[in-house]
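Data file: final.txt. Format and content: compact mmCIF, C-alpha atoms.
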# COMPACT_ATOMS: atom_id res chain seq x y z
CA MET D 22 29.26 -18.25 -9.67
CA ILE D 23 26.05 -18.72 -7.67
CA ASP D 24 22.85 -17.69 -9.42
CA ILE D 25 20.63 -16.56 -6.51
CA VAL D 26 17.66 -15.93 -8.81
CA ALA D 27 17.87 -19.44 -10.29
CA ASP D 28 18.13 -20.92 -6.78
CA PHE D 29 15.06 -18.94 -5.70
CA ILE D 30 13.03 -19.98 -8.75
CA ARG D 31 13.91 -23.66 -8.22
CA SER D 32 12.69 -23.37 -4.64
CA TYR D 33 9.61 -21.36 -5.62
CA ARG D 34 8.54 -23.92 -8.23
CA ARG D 35 8.35 -26.49 -5.42
CA GLN D 36 6.38 -24.02 -3.28
CA TYR D 37 4.07 -22.69 -6.01
CA ASP D 38 1.12 -24.86 -4.95
CA PHE D 39 1.56 -23.69 -1.35
CA TYR D 40 1.29 -20.02 -2.39
CA ARG D 41 -1.62 -20.74 -4.73
CA THR D 42 -3.54 -22.52 -1.97
CA ALA D 43 -2.77 -19.76 0.54
CA ALA D 44 -4.13 -17.19 -1.93
CA GLN D 45 -7.20 -19.33 -2.58
CA LEU D 46 -7.94 -19.68 1.15
CA CYS D 47 -7.54 -15.92 1.60
CA ALA D 48 -9.83 -15.23 -1.37
CA GLN D 49 -12.47 -17.56 0.06
CA ARG D 50 -12.31 -15.74 3.40
CA CYS D 51 -12.58 -12.39 1.60
CA GLU D 52 -15.58 -13.50 -0.45
CA GLN D 53 -17.41 -14.82 2.61
CA LEU D 54 -16.56 -11.75 4.66
CA LEU D 55 -17.71 -9.34 1.96
CA GLU D 56 -20.88 -11.30 1.23
CA ASN D 57 -21.78 -11.49 4.93
CA ASN D 58 -21.38 -7.71 5.19
CA GLY D 59 -23.24 -6.74 2.02
CA VAL D 60 -20.16 -5.54 0.13
CA ARG D 61 -20.36 -6.24 -3.60
CA ALA D 62 -17.02 -7.14 -5.14
CA MET D 63 -15.28 -9.52 -7.50
CA VAL D 64 -12.57 -11.48 -5.71
CA THR D 65 -9.79 -13.23 -7.60
CA PHE D 66 -6.55 -14.86 -6.53
CA ARG D 67 -3.27 -16.12 -7.92
CA ALA D 68 0.25 -17.19 -7.11
CA LYS D 69 2.97 -15.51 -9.15
CA ARG D 70 3.86 -17.59 -12.19
CA PRO D 71 7.46 -18.82 -11.93
CA ASP D 72 8.39 -17.77 -15.48
CA ARG D 73 7.12 -14.21 -15.03
CA LEU D 74 8.62 -14.03 -11.57
CA GLU D 75 12.03 -15.02 -12.89
CA ASP D 76 11.91 -12.26 -15.51
CA LYS D 77 10.94 -9.73 -12.84
CA LEU D 78 13.69 -10.89 -10.48
CA ARG D 79 16.39 -10.74 -13.13
CA LYS D 80 15.47 -7.12 -13.89
CA ARG D 81 15.25 -6.17 -10.20
CA ASN D 82 18.52 -7.94 -9.42
CA GLU D 83 20.40 -5.53 -11.69
CA LYS D 84 19.76 -2.79 -9.09
CA LYS D 85 19.12 -4.72 -5.89
CA LYS D 86 22.03 -7.18 -6.17
CA TYR D 87 20.42 -10.00 -4.17
CA THR D 88 22.90 -11.84 -1.98
CA SER D 89 20.60 -14.62 -0.76
CA VAL D 90 17.30 -16.33 -1.42
CA ASP D 91 16.02 -14.67 1.76
CA ASP D 92 16.71 -11.25 0.19
CA ILE D 93 14.28 -12.15 -2.56
CA TYR D 94 11.62 -13.40 -0.14
CA ASP D 95 11.93 -10.10 1.72
CA ASP D 96 11.67 -8.10 -1.52
CA ILE D 97 8.77 -9.84 -3.26
CA VAL D 98 5.67 -9.38 -1.14
CA ASP D 99 3.04 -10.74 -3.51
CA LEU D 100 3.94 -14.37 -4.20
CA ALA D 101 0.35 -15.04 -3.10
CA GLY D 102 -2.09 -12.39 -4.21
CA VAL D 103 -5.79 -11.59 -3.91
CA ARG D 104 -7.75 -8.83 -5.59
CA ALA D 105 -11.00 -7.44 -4.31
CA ALA D 106 -12.52 -5.30 -7.04
CA LEU D 107 -15.28 -3.23 -5.43
CA TYR D 108 -18.46 -2.34 -7.26
CA PHE D 109 -18.83 0.71 -5.02
CA PRO D 110 -15.65 2.60 -4.00
CA ALA D 111 -17.50 4.04 -0.99
CA ASP D 112 -17.17 0.56 0.58
CA ARG D 113 -13.44 1.10 1.19
CA PRO D 114 -13.79 2.07 4.87
CA VAL D 115 -15.92 -1.03 5.49
CA ILE D 116 -13.30 -3.20 3.77
CA ASP D 117 -10.56 -1.65 5.87
CA ARG D 118 -12.39 -2.42 9.10
CA LEU D 119 -13.25 -5.97 8.03
CA PHE D 120 -9.73 -6.82 6.88
CA ARG D 121 -8.23 -5.46 10.10
CA GLU D 122 -10.59 -7.69 12.08
CA GLU D 123 -10.19 -10.81 9.92
CA PHE D 124 -6.50 -10.91 9.03
CA ASN D 125 -3.15 -10.31 10.70
CA LEU D 126 -1.81 -7.17 9.03
CA ILE D 127 1.90 -6.94 8.27
CA GLY D 128 2.56 -3.24 8.57
CA ASP D 129 0.22 -0.49 7.48
CA PRO D 130 -1.72 -0.84 4.23
CA LYS D 131 -0.03 0.82 1.27
CA LYS D 132 -2.22 3.38 -0.45
CA PHE D 133 -1.95 4.47 -4.06
CA PRO D 134 -1.39 7.06 -5.24
CA ASP D 135 1.33 7.71 -2.71
CA GLY D 136 2.40 11.12 -3.96
CA SER D 137 5.76 9.92 -5.24
CA PRO D 138 6.91 10.80 -8.75
CA PRO D 139 6.20 8.32 -11.56
CA ARG D 140 8.70 5.47 -11.93
CA HIS D 141 8.35 5.25 -15.69
CA PRO D 142 9.24 7.83 -18.32
CA TYR D 143 5.91 7.94 -20.06
CA GLU D 144 3.16 10.48 -19.60
CA LYS D 145 0.07 8.93 -18.07
CA ARG D 146 -3.15 9.63 -19.85
CA PHE D 147 -5.13 8.59 -16.80
CA SER D 148 -3.68 9.17 -13.37
CA GLY D 149 -6.75 8.50 -11.28
CA TYR D 150 -5.73 5.02 -10.16
CA TRP D 151 -6.26 4.40 -6.48
CA ALA D 152 -5.86 1.19 -4.55
CA THR D 153 -5.04 -0.05 -1.11
CA HIS D 154 -2.67 -3.00 -0.73
CA TYR D 155 -2.86 -5.01 2.46
CA ARG D 156 -0.07 -7.41 3.39
CA VAL D 157 -1.58 -10.06 5.59
CA THR D 158 -1.34 -13.52 7.02
CA LEU D 159 -4.33 -15.72 7.70
CA ARG D 160 -5.49 -16.02 11.27
CA ASP D 161 -4.98 -19.50 12.60
CA ASP D 162 -8.55 -20.70 13.14
CA GLY D 163 -7.38 -24.12 14.29
CA ALA D 164 -8.63 -25.96 11.22
CA PRO D 165 -5.91 -28.53 10.41
CA ALA D 166 -6.17 -27.85 6.68
CA GLN D 167 -5.43 -24.14 7.23
CA VAL D 168 -2.82 -24.20 9.99
CA ARG D 169 -0.15 -24.89 7.36
CA TYR D 170 -0.92 -21.60 5.60
CA ALA D 171 -1.10 -19.33 8.65
CA ASP D 172 2.41 -17.90 8.05
CA ALA D 173 2.07 -17.30 4.31
CA ARG D 174 2.37 -13.62 3.41
CA ILE D 175 -0.44 -12.59 1.09
CA GLU D 176 -1.06 -9.27 -0.61
CA ILE D 177 -4.69 -8.21 -0.96
CA GLN D 178 -5.24 -5.40 -3.46
CA VAL D 179 -8.46 -3.45 -3.06
CA ALA D 180 -9.71 -1.04 -5.73
CA SER D 181 -12.83 -0.44 -7.77
CA VAL D 182 -13.71 -2.75 -10.63
CA LEU D 183 -12.80 0.02 -13.09
CA MET D 184 -9.45 0.71 -11.41
CA HIS D 185 -8.51 -2.96 -11.53
CA ALA D 186 -9.39 -3.08 -15.22
CA TRP D 187 -7.28 0.01 -15.87
CA SER D 188 -4.35 -1.33 -13.86
CA GLU D 189 -4.31 -4.47 -16.01
CA VAL D 190 -4.16 -2.39 -19.18
CA GLU D 191 -1.53 -0.05 -17.75
CA HIS D 192 0.57 -2.95 -16.43
CA ASP D 193 0.64 -4.54 -19.89
CA LEU D 194 1.52 -1.24 -21.57
CA VAL D 195 4.27 -0.23 -19.14
CA TYR D 196 5.90 -3.39 -17.87
CA LYS D 197 5.46 -5.80 -20.73
CA SER D 198 6.49 -3.37 -23.46
CA ALA D 199 9.79 -2.55 -21.75
Represent the structure contained in this file as structure tokens.
Amino acid sequence: MIDIVADFIRSYRRQYDFYRTAAQLCAQRCEQLLENNGVRAMVTFRAKRPDRLEDKLRKRNEKKKYTSVDDIYDDIVDLAGVRAALYFPADRPVIDRLFREEFNLIGDPKKFPDGSPPRHPYEKRFSGYWATHYRVTLRDDGAPAQVRYADARIEIQVASVLMHAWSEVEHDLVYKSA
């Protein structure tokens, strides 16, 4: 029997550095863009760790029933990720304008909360989390070192510093305790 998840993880391990570098390039562009426009934020980046990704995929596969490696690539949108944690939430409209000018957006940004019911059976003590997730690709600026990464899908999460801190705590409580 073919193990699609194992096949994907084998492939992803070979591509991990590609996704990490794509995220790093995106984070550098974000930092420069925000600094040049007077927006104070902490910008971090990462590529999904293969071991954590495999655990996530095995759980998701129980419901999604992946039939190909491409199904997984279509499902997991944040192999390369950037976070922009804003000091001042009022800077969100500026960020939106800047990101639309600087990056190629893949679809509309996803805004949280989205009004849908909670996915987990616990009662939230704090439900004020808001964030905007942009799915982007880098614009090809012609620099040979960056042309390779122009097609990499990257998710940029934008929220306040406090919201990012809370989301880390909540993520550990909800997802890692299950």
Using atom CA of D:Leu100 and atom CA of D:Val60 as the two end points, give the distance in Å to one decimal. 26.0 Å
Set the distance at 7 Å and use only C-alpha atoms: which residues neighbour D:Arg79 once local chain neighbours fewer than 4 positions away are removed? I'd like the list as JSON, numbers by chain. {"D": [26, 75, 83]}
Please identify all polymer residues within 10 Å of D:Asn58, counting only C-alpha atoms, omitting same-chain residues fewer than 4 positions from it, and present them as an mmCIF file with C-alpha atoms, keeping the file's coordinate frame.
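Dumped everything to out.cif:
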data_model
loop_
_atom_site.group_PDB
_atom_site.id
_atom_site.type_symbol
_atom_site.label_atom_id
_atom_site.label_comp_id
_atom_site.auth_asym_id
_atom_site.auth_seq_id
_atom_site.Cartn_x
_atom_site.Cartn_y
_atom_site.Cartn_z
ATOM 1 C CA GLU D 52 -15.580 -13.500 -0.450
ATOM 2 C CA GLN D 53 -17.410 -14.820 2.610
ATOM 3 C CA LEU D 54 -16.560 -11.750 4.660
ATOM 4 C CA VAL D 115 -15.920 -1.030 5.490
ATOM 5 C CA ILE D 116 -13.300 -3.200 3.770
ATOM 6 C CA LEU D 119 -13.250 -5.970 8.030
#
Write out as a list in words the residues lying within 7 Å of D:Ala48, counting all atoms listed in the file and excluding same-chain residues fewer than 2 positions away.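 Residues near the query, excluding close chain neighbours: Ala44, Gln45, Leu46, Arg50, Cys51, Glu52, Val64, Thr65, Phe66 and Val103 of chain D.
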Using C-alpha atoms, can you export the residues from the last selection as a PDB file, in the frame of the given file?
ATOM      1  CA  ALA D  44      -4.130 -17.190  -1.930  1.00  0.00           C
ATOM      2  CA  GLN D  45      -7.200 -19.330  -2.580  1.00  0.00           C
ATOM      3  CA  LEU D  46      -7.940 -19.680   1.150  1.00  0.00           C
ATOM      4  CA  ARG D  50     -12.310 -15.740   3.400  1.00  0.00           C
ATOM      5  CA  CYS D  51     -12.580 -12.390   1.600  1.00  0.00           C
ATOM      6  CA  GLU D  52     -15.580 -13.500  -0.450  1.00  0.00           C
ATOM      7  CA  VAL D  64     -12.570 -11.480  -5.710  1.00  0.00           C
ATOM      8  CA  THR D  65      -9.790 -13.230  -7.600  1.00  0.00           C
ATOM      9  CA  PHE D  66      -6.550 -14.860  -6.530  1.00  0.00           C
ATOM     10  CA  VAL D 103      -5.790 -11.590  -3.910  1.00  0.00           C
TER      11      VAL D 103
END
Give the answer as one residue: which of D:Gln36, D:Asn57, D:Thr153, D:Gln167 has the shortest atom-to-atom distance to D:Asp117, using only C-alpha atoms? D:Thr153
Which residue of D:Gln49, D:Arg174, D:Arg169, D:Ser89 approaches D:Gly128 most closely, using all atoms listed in the file: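 For D:Gly128, the nearest of the candidates is D:Arg174.
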re atom CA of D:Arg104 and atom CA of D:Gln178: distance 4.8 Å
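Atom pair atom CA of D:Ser181 / atom CA of D:His154 has a distance of 12.6 Å (rounded to one decimal).
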Excluding D:Thr88 and its own-chain neighbours fewer than 6 positions away, which residues fall within 10 Å of it when counting all atoms listed in the file? Please give them as a PyMOL selection string. chain D and resi 23-26+82
Can you pull out every residue within 12 Å of D:Pro114, counting only C-alpha atoms, but drop anything in the same chain fewer than 6 positions away, and send it as a VMD selection string? chain D and resid 60 107 120 to 121 153 179 to 180
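For the point (8.5, -6.5, 1.8), the residues with an atom at a distance of at most 12 Å are Asp91, Asp92, Ile93, Tyr94, Asp95, Asp96, Ile97, Val98, Asp99, Leu100, Ile127, Gly128, Asp129, Pro130, Lys131, His154, Tyr155, Arg156, Val157, Arg174, Ile175 and Glu176 of chain D, counting all atoms listed in the file.
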Measuring atom to atom with only C-alpha atoms, identify which of D:Ala111, D:Val90, D:Leu126, D:Met63 is nearest to D:Asp172. D:Leu126
Return the single residue from D:Phe29, D:Tyr108, D:Phe39, D:Trp187 that is closest to D:Pro71, with distances computed using only C-alpha atoms.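 Checking each of D:Phe29, D:Tyr108, D:Phe39, D:Trp187 against D:Pro71, counting only C-alpha atoms, the winner is D:Phe29.
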The residue from D:Ala186, D:Ala152, D:Ala68, D:Ile177 with the smallest atom-to-atom distance to D:Thr42, counting all atoms listed in the file, is D:Ala68
